[in-house]
file my_file_8.pdb (PDB, C-alpha atoms)
ATOM      1  CA  MET Q  23     -56.567 -16.222 -33.826
ATOM      2  CA  ASP Q  24     -53.719 -18.667 -34.375
ATOM      3  CA  THR Q  25     -50.619 -18.239 -32.261
ATOM      4  CA  ILE Q  26     -48.244 -15.899 -34.046
ATOM      5  CA  ARG Q  27     -44.658 -15.006 -33.294
ATOM      6  CA  VAL Q  28     -42.966 -12.400 -35.448
ATOM      7  CA  VAL Q  29     -39.299 -11.609 -35.900
ATOM      8  CA  ALA Q  30     -38.873  -8.269 -37.656
ATOM      9  CA  PHE Q  31     -35.647  -7.014 -39.225
ATOM     10  CA  ALA Q  32     -35.228  -3.258 -39.125
ATOM     11  CA  GLY Q  33     -32.904  -0.337 -39.538
ATOM     12  CA  GLY Q  34     -33.474   3.385 -39.723
ATOM     13  CA  VAL Q  35     -36.655   5.419 -39.596
ATOM     14  CA  GLY Q  36     -38.679   3.336 -42.076
ATOM     15  CA  GLY Q  37     -37.905   0.173 -40.153
ATOM     16  CA  ALA Q  38     -38.837   1.819 -36.858
ATOM     17  CA  LYS Q  39     -42.204   2.904 -38.275
ATOM     18  CA  LEU Q  40     -43.310  -0.628 -39.101
ATOM     19  CA  ALA Q  41     -41.786  -1.962 -35.877
ATOM     20  CA  LEU Q  42     -44.011   0.487 -34.001
ATOM     21  CA  GLY Q  43     -47.086  -0.667 -35.927
ATOM     22  CA  LEU Q  44     -46.295  -4.292 -35.150
ATOM     23  CA  SER Q  45     -45.717  -3.474 -31.479
ATOM     24  CA  LYS Q  46     -49.181  -1.911 -31.259
ATOM     25  CA  VAL Q  47     -50.777  -5.143 -32.489
ATOM     26  CA  LEU Q  48     -48.535  -7.822 -30.973
ATOM     27  CA  SER Q  49     -47.729  -8.526 -27.334
ATOM     28  CA  PRO Q  50     -44.107  -8.522 -26.086
ATOM     29  CA  ASN Q  51     -44.159 -12.334 -26.305
ATOM     30  CA  GLU Q  52     -45.199 -12.187 -29.950
ATOM     31  CA  LEU Q  53     -42.673  -9.715 -31.401
ATOM     32  CA  SER Q  54     -38.887  -9.438 -31.468
ATOM     33  CA  VAL Q  55     -37.103  -6.780 -33.524
ATOM     34  CA  VAL Q  56     -33.604  -7.472 -34.873
ATOM     35  CA  VAL Q  57     -31.798  -4.209 -35.606
ATOM     36  CA  ASN Q  58     -28.878  -3.234 -37.822
ATOM     37  CA  THR Q  59     -25.662  -2.251 -36.036
ATOM     38  CA  GLY Q  60     -23.545  -1.664 -39.149
ATOM     39  CA  ASP Q  61     -24.002   2.079 -38.533
ATOM     40  CA  ASP Q  62     -22.541   1.928 -35.011
ATOM     41  CA  GLU Q  63     -19.689   4.344 -34.502
ATOM     42  CA  SER Q  64     -17.661   6.093 -31.814
ATOM     43  CA  PHE Q  65     -18.460   9.790 -31.510
ATOM     44  CA  TYR Q  66     -16.960  12.079 -28.863
ATOM     45  CA  GLY Q  67     -15.616   8.992 -27.102
ATOM     46  CA  LEU Q  68     -19.036   7.350 -26.882
ATOM     47  CA  HIS Q  69     -20.466   4.197 -28.490
ATOM     48  CA  VAL Q  70     -23.408   5.337 -30.626
ATOM     49  CA  SER Q  71     -25.899   2.807 -32.066
ATOM     50  CA  PRO Q  72     -28.114   4.963 -34.318
ATOM     51  CA  ASP Q  73     -30.544   2.301 -35.563
ATOM     52  CA  LEU Q  74     -30.920   0.587 -32.189
ATOM     53  CA  ASP Q  75     -31.727   3.950 -30.629
ATOM     54  CA  THR Q  76     -34.174   4.928 -33.381
ATOM     55  CA  VAL Q  77     -36.150   1.718 -32.842
ATOM     56  CA  MET Q  78     -35.892   1.969 -29.043
ATOM     57  CA  TYR Q  79     -36.972   5.613 -28.889
ATOM     58  CA  THR Q  80     -39.817   4.940 -31.338
ATOM     59  CA  LEU Q  81     -41.199   2.014 -29.330
ATOM     60  CA  ALA Q  82     -40.782   4.045 -26.126
ATOM     61  CA  GLY Q  83     -42.844   6.889 -27.612
ATOM     62  CA  LEU Q  84     -39.914   9.300 -27.251
ATOM     63  CA  SER Q  85     -38.687   9.799 -30.821
ATOM     64  CA  ASN Q  86     -38.640  13.130 -32.611
ATOM     65  CA  PRO Q  87     -41.699  13.024 -34.888
ATOM     66  CA  GLU Q  88     -40.212  15.530 -37.361
ATOM     67  CA  SER Q  89     -36.886  13.794 -38.030
ATOM     68  CA  GLY Q  90     -37.807  10.258 -36.977
ATOM     69  CA  TRP Q  91     -34.486   9.979 -35.107
ATOM     70  CA  GLY Q  92     -33.317  11.428 -31.823
ATOM     71  CA  LEU Q  93     -35.543  12.481 -28.951
ATOM     72  CA  ALA Q  94     -38.519  14.800 -29.122
ATOM     73  CA  GLY Q  95     -37.772  18.235 -27.676
ATOM     74  CA  ASP Q  96     -34.060  17.570 -27.252
ATOM     75  CA  THR Q  97     -31.569  20.423 -26.994
ATOM     76  CA  PHE Q  98     -28.000  20.626 -28.291
ATOM     77  CA  ASN Q  99     -26.120  22.628 -25.695
ATOM     78  CA  ALA Q 100     -23.385  20.027 -25.176
ATOM     79  CA  LEU Q 101     -22.490  20.099 -28.880
ATOM     80  CA  GLY Q 102     -22.244  23.881 -28.700
ATOM     81  CA  MET Q 103     -19.765  23.574 -25.838
ATOM     82  CA  LEU Q 104     -17.793  20.928 -27.749
ATOM     83  CA  ARG Q 105     -17.513  23.389 -30.638
ATOM     84  CA  ASN Q 106     -16.081  25.923 -28.186
ATOM     85  CA  TYR Q 107     -13.345  23.361 -27.526
ATOM     86  CA  GLY Q 108     -12.599  23.125 -31.246
ATOM     87  CA  ILE Q 109     -14.372  19.819 -31.882
ATOM     88  CA  ASP Q 110     -15.895  19.238 -35.324
ATOM     89  CA  THR Q 111     -19.479  18.341 -34.372
ATOM     90  CA  TRP Q 112     -20.723  17.164 -37.743
ATOM     91  CA  PHE Q 113     -22.598  14.302 -36.081
ATOM     92  CA  ASN Q 114     -25.572  15.750 -34.204
ATOM     93  CA  LEU Q 115     -26.342  14.296 -30.777
ATOM     94  CA  GLY Q 116     -28.862  15.959 -28.488
ATOM     95  CA  ASP Q 117     -28.280  16.489 -24.784
ATOM     96  CA  GLN Q 118     -30.730  13.785 -23.653
ATOM     97  CA  ASP Q 119     -29.570  11.497 -26.444
ATOM     98  CA  LEU Q 120     -25.998  11.854 -25.144
ATOM     99  CA  ALA Q 121     -27.134  10.333 -21.851
ATOM    100  CA  THR Q 122     -28.077   7.143 -23.720
ATOM    101  CA  HIS Q 123     -24.637   6.912 -25.314
ATOM    102  CA  ILE Q 124     -22.871   7.706 -22.040
ATOM    103  CA  ARG Q 125     -24.757   4.920 -20.284
ATOM    104  CA  ARG Q 126     -24.210   2.466 -23.147
ATOM    105  CA  THR Q 127     -20.480   3.207 -23.157
ATOM    106  CA  GLN Q 128     -20.266   2.815 -19.375
ATOM    107  CA  LEU Q 129     -21.952  -0.583 -19.459
ATOM    108  CA  LEU Q 130     -19.842  -1.805 -22.395
ATOM    109  CA  GLN Q 131     -16.673  -0.729 -20.575
ATOM    110  CA  GLN Q 132     -17.870  -2.682 -17.545
ATOM    111  CA  GLY Q 133     -17.970  -5.822 -19.684
ATOM    112  CA  ALA Q 134     -21.611  -6.009 -20.706
ATOM    113  CA  THR Q 135     -22.413  -7.096 -24.278
ATOM    114  CA  LEU Q 136     -24.315  -4.871 -26.676
ATOM    115  CA  SER Q 137     -27.326  -7.229 -26.340
ATOM    116  CA  GLU Q 138     -27.251  -6.893 -22.549
ATOM    117  CA  VAL Q 139     -26.877  -3.126 -22.762
ATOM    118  CA  THR Q 140     -29.782  -2.846 -25.203
ATOM    119  CA  LEU Q 141     -32.005  -4.915 -22.902
ATOM    120  CA  GLU Q 142     -31.121  -2.682 -19.943
ATOM    121  CA  LEU Q 143     -31.706   0.576 -21.826
ATOM    122  CA  CYS Q 144     -35.035  -0.678 -23.169
ATOM    123  CA  ARG Q 145     -36.131  -1.805 -19.711
ATOM    124  CA  ARG Q 146     -35.331   1.620 -18.261
ATOM    125  CA  LEU Q 147     -37.369   3.327 -20.990
ATOM    126  CA  GLY Q 148     -40.331   0.983 -20.548
ATOM    127  CA  VAL Q 149     -39.920  -0.863 -23.865
ATOM    128  CA  GLN Q 150     -41.304  -4.350 -23.275
ATOM    129  CA  HIS Q 151     -40.896  -5.824 -26.756
ATOM    130  CA  THR Q 152     -37.530  -7.466 -27.378
ATOM    131  CA  ILE Q 153     -35.035  -5.400 -29.367
ATOM    132  CA  LEU Q 154     -31.915  -7.317 -30.388
ATOM    133  CA  PRO Q 155     -28.781  -6.027 -32.088
ATOM    134  CA  MET Q 156     -27.923  -8.204 -35.060
ATOM    135  CA  SER Q 157     -24.620  -9.114 -33.377
ATOM    136  CA  ASP Q 158     -22.567  -8.349 -30.286
ATOM    137  CA  GLN Q 159     -19.441  -8.253 -32.451
ATOM    138  CA  PRO Q 160     -18.611  -5.079 -34.386
ATOM    139  CA  VAL Q 161     -19.713  -5.004 -38.025
ATOM    140  CA  ARG Q 162     -19.209  -1.755 -39.933
ATOM    141  CA  THR Q 163     -20.853  -0.782 -43.217
ATOM    142  CA  ILE Q 164     -18.217   0.751 -45.512
ATOM    143  CA  LEU Q 165     -19.096   2.399 -48.807
ATOM    144  CA  SER Q 166     -16.614   2.599 -51.671
ATOM    145  CA  THR Q 167     -17.186   6.014 -53.242
ATOM    146  CA  ASP Q 168     -15.557   8.568 -55.519
ATOM    147  CA  ALA Q 169     -14.561  10.338 -52.282
ATOM    148  CA  GLY Q 170     -12.823   7.225 -50.949
ATOM    149  CA  GLU Q 171     -13.817   4.518 -48.480
ATOM    150  CA  LEU Q 172     -16.441   5.967 -46.129
ATOM    151  CA  PRO Q 173     -18.023   4.448 -43.026
ATOM    152  CA  MET Q 174     -21.783   4.703 -43.257
ATOM    153  CA  GLN Q 175     -22.244   7.726 -40.968
ATOM    154  CA  GLN Q 176     -19.533   9.715 -42.722
ATOM    155  CA  TYR Q 177     -21.202   8.995 -46.059
ATOM    156  CA  PHE Q 178     -24.745   9.627 -44.863
ATOM    157  CA  VAL Q 179     -24.309  12.530 -42.425
ATOM    158  CA  GLN Q 180     -20.969  14.231 -43.017
ATOM    159  CA  HIS Q 181     -21.110  13.921 -46.814
ATOM    160  CA  ARG Q 182     -24.936  14.063 -47.037
ATOM    161  CA  SER Q 183     -24.996  10.933 -49.256
ATOM    162  CA  GLU Q 184     -23.491  12.987 -52.098
ATOM    163  CA  PRO Q 185     -20.485  10.813 -53.152
ATOM    164  CA  SER Q 186     -21.127   8.289 -55.902
ATOM    165  CA  VAL Q 187     -21.159   4.717 -54.575
ATOM    166  CA  CYS Q 188     -19.490   1.842 -56.434
ATOM    167  CA  GLY Q 189     -19.542  -0.790 -53.692
ATOM    168  CA  VAL Q 190     -20.717  -1.650 -50.203
ATOM    169  CA  ARG Q 191     -19.021  -4.030 -47.779
ATOM    170  CA  TYR Q 192     -19.603  -5.074 -44.189
ATOM    171  CA  ALA Q 193     -16.271  -5.053 -42.366
ATOM    172  CA  GLY Q 194     -16.090  -7.658 -39.623
ATOM    173  CA  ALA Q 195     -19.207  -9.528 -40.721
ATOM    174  CA  SER Q 196     -17.402 -12.781 -41.475
ATOM    175  CA  ASP Q 197     -16.134 -12.927 -37.877
ATOM    176  CA  ALA Q 198     -19.437 -11.909 -36.291
ATOM    177  CA  LYS Q 199     -22.072 -14.150 -34.747
ATOM    178  CA  PRO Q 200     -25.798 -13.539 -34.434
ATOM    179  CA  ALA Q 201     -26.668 -11.967 -31.084
ATOM    180  CA  PRO Q 202     -27.332 -14.538 -28.351
ATOM    181  CA  GLY Q 203     -30.883 -15.834 -28.654
ATOM    182  CA  LEU Q 204     -31.423 -14.389 -32.141
ATOM    183  CA  LEU Q 205     -31.413 -17.723 -33.967
ATOM    184  CA  ASP Q 206     -33.670 -19.195 -31.248
ATOM    185  CA  VAL Q 207     -36.114 -16.330 -31.799
ATOM    186  CA  MET Q 208     -36.076 -17.066 -35.529
ATOM    187  CA  SER Q 209     -36.602 -20.793 -35.006
ATOM    188  CA  GLN Q 210     -39.663 -20.115 -32.840
ATOM    189  CA  ALA Q 211     -41.161 -17.441 -35.096
ATOM    190  CA  THR Q 212     -44.095 -18.099 -37.396
ATOM    191  CA  MET Q 213     -43.427 -14.989 -39.496
ATOM    192  CA  ALA Q 214     -40.329 -13.050 -40.532
ATOM    193  CA  VAL Q 215     -40.842  -9.439 -41.618
ATOM    194  CA  PHE Q 216     -38.327  -7.293 -43.500
ATOM    195  CA  CYS Q 217     -39.278  -3.736 -42.592
ATOM    196  CA  PRO Q 218     -39.079  -1.078 -45.350
ATOM    197  CA  SER Q 219     -35.409  -0.348 -44.708
ATOM    198  CA  ASN Q 220     -32.518   0.368 -47.062
ATOM    199  CA  PRO Q 221     -31.481  -3.002 -48.557
ATOM    200  CA  HIS Q 222     -27.778  -2.058 -48.610
ATOM    201  CA  LEU Q 223     -27.329   0.072 -45.503
ATOM    202  CA  SER Q 224     -29.913  -1.389 -43.103
ATOM    203  CA  LEU Q 225     -30.849  -4.967 -43.986
ATOM    204  CA  GLY Q 226     -27.696  -5.897 -45.902
ATOM    205  CA  PRO Q 227     -25.522  -5.791 -42.761
ATOM    206  CA  ILE Q 228     -27.964  -8.035 -40.893
ATOM    207  CA  LEU Q 229     -27.994 -10.603 -43.692
ATOM    208  CA  ALA Q 230     -24.170 -10.499 -43.812
ATOM    209  CA  VAL Q 231     -23.874 -11.931 -40.291
ATOM    210  CA  PRO Q 232     -23.214 -15.664 -40.763
ATOM    211  CA  GLY Q 233     -26.213 -17.784 -39.841
ATOM    212  CA  ILE Q 234     -28.983 -15.209 -40.263
ATOM    213  CA  LYS Q 235     -29.443 -15.485 -44.032
ATOM    214  CA  GLN Q 236     -29.191 -19.256 -43.787
ATOM    215  CA  ALA Q 237     -31.904 -19.314 -41.108
ATOM    216  CA  LEU Q 238     -34.140 -17.253 -43.396
ATOM    217  CA  GLU Q 239     -33.536 -19.601 -46.322
ATOM    218  CA  THR Q 240     -34.834 -22.537 -44.256
ATOM    219  CA  PHE Q 241     -37.448 -20.547 -42.308
ATOM    220  CA  SER Q 242     -40.646 -22.596 -41.980
ATOM    221  CA  GLY Q 243     -43.055 -19.678 -41.513
ATOM    222  CA  VAL Q 244     -44.176 -16.856 -43.790
ATOM    223  CA  ARG Q 245     -41.463 -14.429 -44.929
ATOM    224  CA  VAL Q 246     -42.693 -10.956 -45.841
ATOM    225  CA  ALA Q 247     -40.883  -7.792 -46.911
ATOM    226  CA  VAL Q 248     -42.173  -4.261 -47.398
ATOM    227  CA  SER Q 249     -40.639  -2.266 -50.219
ATOM    228  CA  PRO Q 250     -38.681   0.878 -49.287
ATOM    229  CA  ILE Q 251     -39.133   2.071 -52.889
ATOM    230  CA  VAL Q 252     -42.408   3.592 -54.079
ATOM    231  CA  GLY Q 253     -42.915   5.004 -57.565
ATOM    232  CA  GLY Q 254     -39.267   4.541 -58.482
ATOM    233  CA  ALA Q 255     -37.891   6.476 -55.506
ATOM    234  CA  ALA Q 256     -37.010   5.816 -51.882
ATOM    235  CA  LEU Q 257     -39.544   7.075 -49.358
ATOM    236  CA  ARG Q 258     -36.581   8.579 -47.508
ATOM    237  CA  GLY Q 259     -32.815   8.230 -47.466
ATOM    238  CA  PRO Q 260     -30.351   7.267 -50.216
ATOM    239  CA  ALA Q 261     -31.610   3.768 -51.080
ATOM    240  CA  GLY Q 262     -32.670   4.733 -54.607
ATOM    241  CA  LYS Q 263     -29.491   6.697 -55.297
ATOM    242  CA  ILE Q 264     -27.263   3.833 -54.153
ATOM    243  CA  MET Q 265     -29.211   1.255 -56.164
ATOM    244  CA  ALA Q 266     -28.880   3.362 -59.314
ATOM    245  CA  GLU Q 267     -25.140   3.870 -58.791
ATOM    246  CA  LEU Q 268     -24.669   0.128 -58.290
ATOM    247  CA  GLY Q 269     -26.445  -0.528 -61.589
ATOM    248  CA  LEU Q 270     -29.627  -1.899 -60.049
ATOM    249  CA  GLU Q 271     -33.174  -1.143 -61.108
ATOM    250  CA  VAL Q 272     -34.616   1.518 -58.792
ATOM    251  CA  SER Q 273     -38.014  -0.034 -58.175
ATOM    252  CA  SER Q 274     -39.739  -2.458 -55.868
ATOM    253  CA  VAL Q 275     -38.776  -5.165 -58.395
ATOM    254  CA  GLY Q 276     -35.119  -4.183 -57.990
ATOM    255  CA  VAL Q 277     -35.415  -4.617 -54.235
ATOM    256  CA  ALA Q 278     -37.305  -7.902 -54.526
ATOM    257  CA  ARG Q 279     -34.514  -9.330 -56.696
ATOM    258  CA  GLN Q 280     -32.036  -8.725 -53.853
ATOM    259  CA  TYR Q 281     -34.192 -10.792 -51.488
ATOM    260  CA  GLN Q 282     -34.959 -13.610 -53.910
ATOM    261  CA  GLY Q 283     -34.866 -16.941 -52.084
ATOM    262  CA  LEU Q 284     -35.522 -15.238 -48.743
ATOM    263  CA  LEU Q 285     -39.108 -14.106 -49.298
ATOM    264  CA  ASP Q 286     -42.581 -15.520 -49.796
ATOM    265  CA  VAL Q 287     -44.503 -12.240 -50.035
ATOM    266  CA  PHE Q 288     -43.400  -8.736 -51.061
ATOM    267  CA  ALA Q 289     -45.612  -5.771 -50.187
ATOM    268  CA  ILE Q 290     -45.596  -2.973 -52.754
ATOM    269  CA  ASP Q 291     -47.548   0.252 -52.886
ATOM    270  CA  LEU Q 292     -50.725   0.785 -54.876
ATOM    271  CA  GLU Q 293     -48.719   3.173 -57.052
ATOM    272  CA  ASP Q 294     -46.592   0.218 -58.176
ATOM    273  CA  ALA Q 295     -49.437  -2.199 -58.873
ATOM    274  CA  ASP Q 296     -48.255  -2.603 -62.481
ATOM    275  CA  LEU Q 297     -45.059  -4.239 -61.176
ATOM    276  CA  ALA Q 298     -46.884  -7.084 -59.423
ATOM    277  CA  SER Q 299     -46.487  -9.537 -62.315
ATOM    278  CA  GLU Q 300     -42.705  -8.955 -62.444
ATOM    279  CA  ILE Q 301     -42.444  -9.704 -58.748
ATOM    280  CA  ALA Q 302     -44.536 -12.826 -59.189
ATOM    281  CA  SER Q 303     -42.143 -13.955 -61.945
ATOM    282  CA  LEU Q 304     -39.374 -13.996 -59.294
ATOM    283  CA  GLY Q 305     -41.295 -16.645 -57.356
ATOM    284  CA  ILE Q 306     -42.452 -14.079 -54.786
ATOM    285  CA  GLU Q 307     -46.115 -13.362 -54.151
ATOM    286  CA  PRO Q 308     -46.841  -9.640 -54.535
ATOM    287  CA  MET Q 309     -49.139  -7.906 -52.058
ATOM    288  CA  VAL Q 310     -50.407  -4.605 -53.435
ATOM    289  CA  THR Q 311     -51.492  -2.254 -50.660
ATOM    290  CA  SER Q 312     -50.793   1.166 -49.198
ATOM    291  CA  ILE Q 313     -47.339   1.003 -47.610
ATOM    292  CA  VAL Q 314     -46.732   4.712 -46.923
ATOM    293  CA  MET Q 315     -46.858   5.197 -43.146
ATOM    294  CA  ASP Q 316     -47.531   8.871 -42.426
ATOM    295  CA  THR Q 317     -49.623   8.393 -39.301
ATOM    296  CA  GLU Q 318     -49.679   5.909 -36.430
ATOM    297  CA  ALA Q 319     -52.933   4.556 -37.848
ATOM    298  CA  ASP Q 320     -51.113   3.885 -41.146
ATOM    299  CA  LYS Q 321     -48.421   1.958 -39.279
ATOM    300  CA  VAL Q 322     -50.957  -0.172 -37.413
ATOM    301  CA  GLU Q 323     -53.052  -0.853 -40.525
ATOM    302  CA  LEU Q 324     -50.016  -2.019 -42.515
ATOM    303  CA  ALA Q 325     -48.934  -4.222 -39.612
ATOM    304  CA  GLN Q 326     -52.395  -5.790 -39.478
ATOM    305  CA  ARG Q 327     -52.413  -6.470 -43.214
ATOM    306  CA  ILE Q 328     -49.016  -8.163 -42.966
ATOM    307  CA  LEU Q 329     -50.033 -10.237 -39.959
ATOM    308  CA  ALA Q 330     -53.152 -11.421 -41.795
ATOM    309  CA  LEU Q 331     -50.806 -13.296 -44.127
ATOM    310  CA  GLY Q 332     -49.787 -15.476 -41.210
ATOM    311  CA  GLY Q 333     -53.233 -15.913 -39.751
ATOM    312  CA  GLY Q 334     -52.720 -13.044 -37.276
TER     313      GLY Q 334
END
call {"tool": "encode", "arguments": {"input": "my_file_8.pdb", "output": "structure tokens"}}
result
Amino acid sequence: MDTIRVVAFAGGVGGAKLALGLSKVLSPNELSVVVNTGDDESFYGLHVSPDLDTVMYTLAGLSNPESGWGLAGDTFNALGMLRNYGIDTWFNLGDQDLATHIRRTQLLQQGATLSEVTLELCRRLGVQHTILPMSDQPVRTILSTDAGELPMQQYFVQHRSEPSVCGVRYAGASDAKPAPGLLDVMSQATMAVFCPSNPHLSLGPILAVPGIKQALETFSGVRVAVSPIVGGAALRGPAGKIMAELGLEVSSVGVARQYQGLLDVFAIDLEDADLASEIASLGIEPMVTSIVMDTEADKVELAQRILALGGG
């Protein structure tokens, strides 16, 4: 097998699923996962990085299999006590999960960068594959809605994705830099993989960090994305709803259009095989295969099919 080095871009549960599949096939030297931090927020005085933790817990084998986020078997006693103190606990954090945020906040207050903190947390949990935040500088995804300007977690969790969205912006992105080593990882990679994550809330913030999109435009290896839309609907989350409200076609073609110029191959589900010619007309090669990852075997099989495109 030819030498292969993969840089994967991920956010949320769908991204973590494919990242896990790739990690089962590739060695730590062959895979780096770049994760969205546009969802990062301060809750209860702690720095919470939801997507970083979802990917980290998933690769550590600790994630909650029912929700896809948080820790399996976690309890919520601390939140109950916070409610006793009159705190509005609309953002759910389990007791063990809180320990992660406490430690992250401690290290950040001691002067460590988010990249350094992520490396330390991963090491302690036995995650050997590299997980990188997209940036060490704060970038926040803000949605313009009929309920006002809402940071991503307020929109998604507190408001249950119900407000109508008319715009999405990434506050702080223009002043941010790619995390240290991220562009080096991309320059050494033979394949770039966009995991099936929300194009506006998960991958959009990553591409908004100056230098990352440009590195993808000139990337010399194979660039592959997996559609988060199957049969005209998102597999999970509000991706389809947001696309419709922004006037975009809710289909794998609609997603592919957003990545035009950044992709060589776009993986769509068998259910969407009739859309392959439209994707090809965008100058992107369609790959029609099963992309729904219900089991670990599904995740590994999809990872293997993607890697075959790069000789892996």
call {"tool": "closest_atom_pairs", "arguments": {"input": "my_file_8.pdb", "of": "stretch 228-300 of chain Q", "to": "stretch 169-178 of chain Q", "cutoff": "12 Å", "atoms": "all atoms listed in the file", "output": "Markdown table"}}
result
| residue | atom | partner | partner_atom | distance |
| --- | --- | --- | --- | --- |
| Q:Gly259 | CA | Q:Phe178 | CA | 8.6 |
| Q:Pro260 | CA | Q:Phe178 | CA | 8.1 |
| Q:Ala261 | CA | Q:Phe178 | CA | 11.0 |
| Q:Lys263 | CA | Q:Phe178 | CA | 11.8 |
| Q:Ile264 | CA | Q:Phe178 | CA | 11.2 |
call {"tool": "resolve_selection", "arguments": {"input": "my_file_8.pdb", "expression": "the PyMOL selection byres ((chain Q and resi 100) around 12)", "output": "PyMOL selection string"}}
result
chain Q and resi 66+96-99+101-107+109+111+114-121
call {"tool": "resolve_selection", "arguments": {"input": "my_file_8.pdb", "expression": "the PyMOL selection byres ((chain Q and resi 147-149) around 10)", "output": "list in words"}}
result
Ser45, Pro50, Met78, Tyr79, Thr80, Leu81, Ala82, Gly83, Leu84, Leu141, Glu142, Leu143, Cys144, Arg145, Arg146, Gln150, His151, Thr152 and Ile153 of chain Q
call {"tool": "closest_residue", "arguments": {"input": "my_file_8.pdb", "among": "Q:Gly226, Q:Gly194, Q:Gly90, Q:Gly189", "to": "Q:Arg162", "atoms": "all atoms listed in the file"}}
result
Q:Gly194
call {"tool": "residues_around", "arguments": {"input": "my_file_8.pdb", "residues": "Q:Ala32", "least_positions_apart": "3", "cutoff": "6 Å", "atoms": "only C-alpha atoms", "output": "list in words"}}
result
Gly37, Val57 and Cys217 of chain Q
call {"tool": "residues_near_point", "arguments": {"input": "my_file_8.pdb", "point": "(-50.4, -4.7, -41.9)", "cutoff": "10 Å", "atoms": "only C-alpha atoms", "output": "list in words"}}
result
Leu40, Gly43, Leu44, Val47, Val248, Ala289, Thr311, Ser312, Ile313, Asp320, Lys321, Val322, Glu323, Leu324, Ala325, Gln326, Arg327, Ile328, Leu329, Ala330, Leu331 and Gly334 of chain Q
call {"tool": "resolve_selection", "arguments": {"input": "my_file_8.pdb", "expression": "the PyMOL selection byres ((chain Q and resi 245-247) around 6)", "output": "PyMOL selection string"}}
result
chain Q and resi 213-216+244+248+285-288
call {"tool": "write_last_selection", "arguments": {"input": "my_file_8.pdb", "atoms": "C-alpha atoms", "output": "PDB file, in the coordinates of the input"}}
result
ATOM      1  CA  MET Q 213     -43.427 -14.989 -39.496  1.00  0.00           C
ATOM      2  CA  ALA Q 214     -40.329 -13.050 -40.532  1.00  0.00           C
ATOM      3  CA  VAL Q 215     -40.842  -9.439 -41.618  1.00  0.00           C
ATOM      4  CA  PHE Q 216     -38.327  -7.293 -43.500  1.00  0.00           C
ATOM      5  CA  VAL Q 244     -44.176 -16.856 -43.790  1.00  0.00           C
ATOM      6  CA  VAL Q 248     -42.173  -4.261 -47.398  1.00  0.00           C
ATOM      7  CA  LEU Q 285     -39.108 -14.106 -49.298  1.00  0.00           C
ATOM      8  CA  ASP Q 286     -42.581 -15.520 -49.796  1.00  0.00           C
ATOM      9  CA  VAL Q 287     -44.503 -12.240 -50.035  1.00  0.00           C
ATOM     10  CA  PHE Q 288     -43.400  -8.736 -51.061  1.00  0.00           C
TER      11      PHE Q 288
END
call {"tool": "atom_distance", "arguments": {"input": "my_file_8.pdb", "atom1": "atom CA of Q:Ser186", "atom2": "atom CA of Q:Glu267"}}
result
6.6 Å
call {"tool": "closest_residue", "arguments": {"input": "my_file_8.pdb", "among": "Q:Gly243, Q:Pro250, Q:Pro87, Q:Gly92", "to": "Q:Ala211", "atoms": "only C-alpha atoms"}}
result
Q:Gly243
call {"tool": "residues_around", "arguments": {"input": "my_file_8.pdb", "residues": "Q:Ser273", "least_positions_apart": "6", "cutoff": "9 Å", "atoms": "all atoms listed in the file", "output": "PyMOL selection string"}}
result
chain Q and resi 249-256+262+294+297
call {"tool": "closest_atom_pairs", "arguments": {"input": "my_file_8.pdb", "of": "stretch 44-145 of chain Q", "to": "stretch 28-31 of chain Q", "cutoff": "9 Å", "atoms": "only C-alpha atoms", "output": "Markdown table"}}
result
| residue | atom | partner | partner_atom | distance |
| --- | --- | --- | --- | --- |
| Q:Leu44 | CA | Q:Val28 | CA | 8.8 |
| Q:Leu48 | CA | Q:Val28 | CA | 8.5 |
| Q:Glu52 | CA | Q:Val28 | CA | 5.9 |
| Q:Leu53 | CA | Q:Val28 | CA | 4.9 |
| Q:Ser54 | CA | Q:Val29 | CA | 5.0 |
| Q:Val55 | CA | Q:Ala30 | CA | 4.7 |
| Q:Val56 | CA | Q:Phe31 | CA | 4.8 |
| Q:Val57 | CA | Q:Phe31 | CA | 6.0 |
| Q:Asn58 | CA | Q:Phe31 | CA | 7.9 |
call {"tool": "closest_residue", "arguments": {"input": "my_file_8.pdb", "among": "Q:Thr140, Q:Asp75, Q:Asp62, Q:Gln210", "to": "Q:Pro160", "atoms": "all atoms listed in the file"}}
result
Q:Asp62
call {"tool": "closest_residue", "arguments": {"input": "my_file_8.pdb", "among": "Q:Asn86, Q:Thr59, Q:Thr167, Q:Ser209", "to": "Q:Leu136", "atoms": "all atoms listed in the file"}}
result
Q:Thr59
call {"tool": "atom_distance", "arguments": {"input": "my_file_8.pdb", "atom1": "atom CA of Q:Pro227", "atom2": "atom CA of Q:Gly60"}}
result
5.8 Å
call {"tool": "atom_distance", "arguments": {"input": "my_file_8.pdb", "atom1": "atom CA of Q:Ser183", "atom2": "atom CA of Q:Gly276"}}
result
20.2 Å
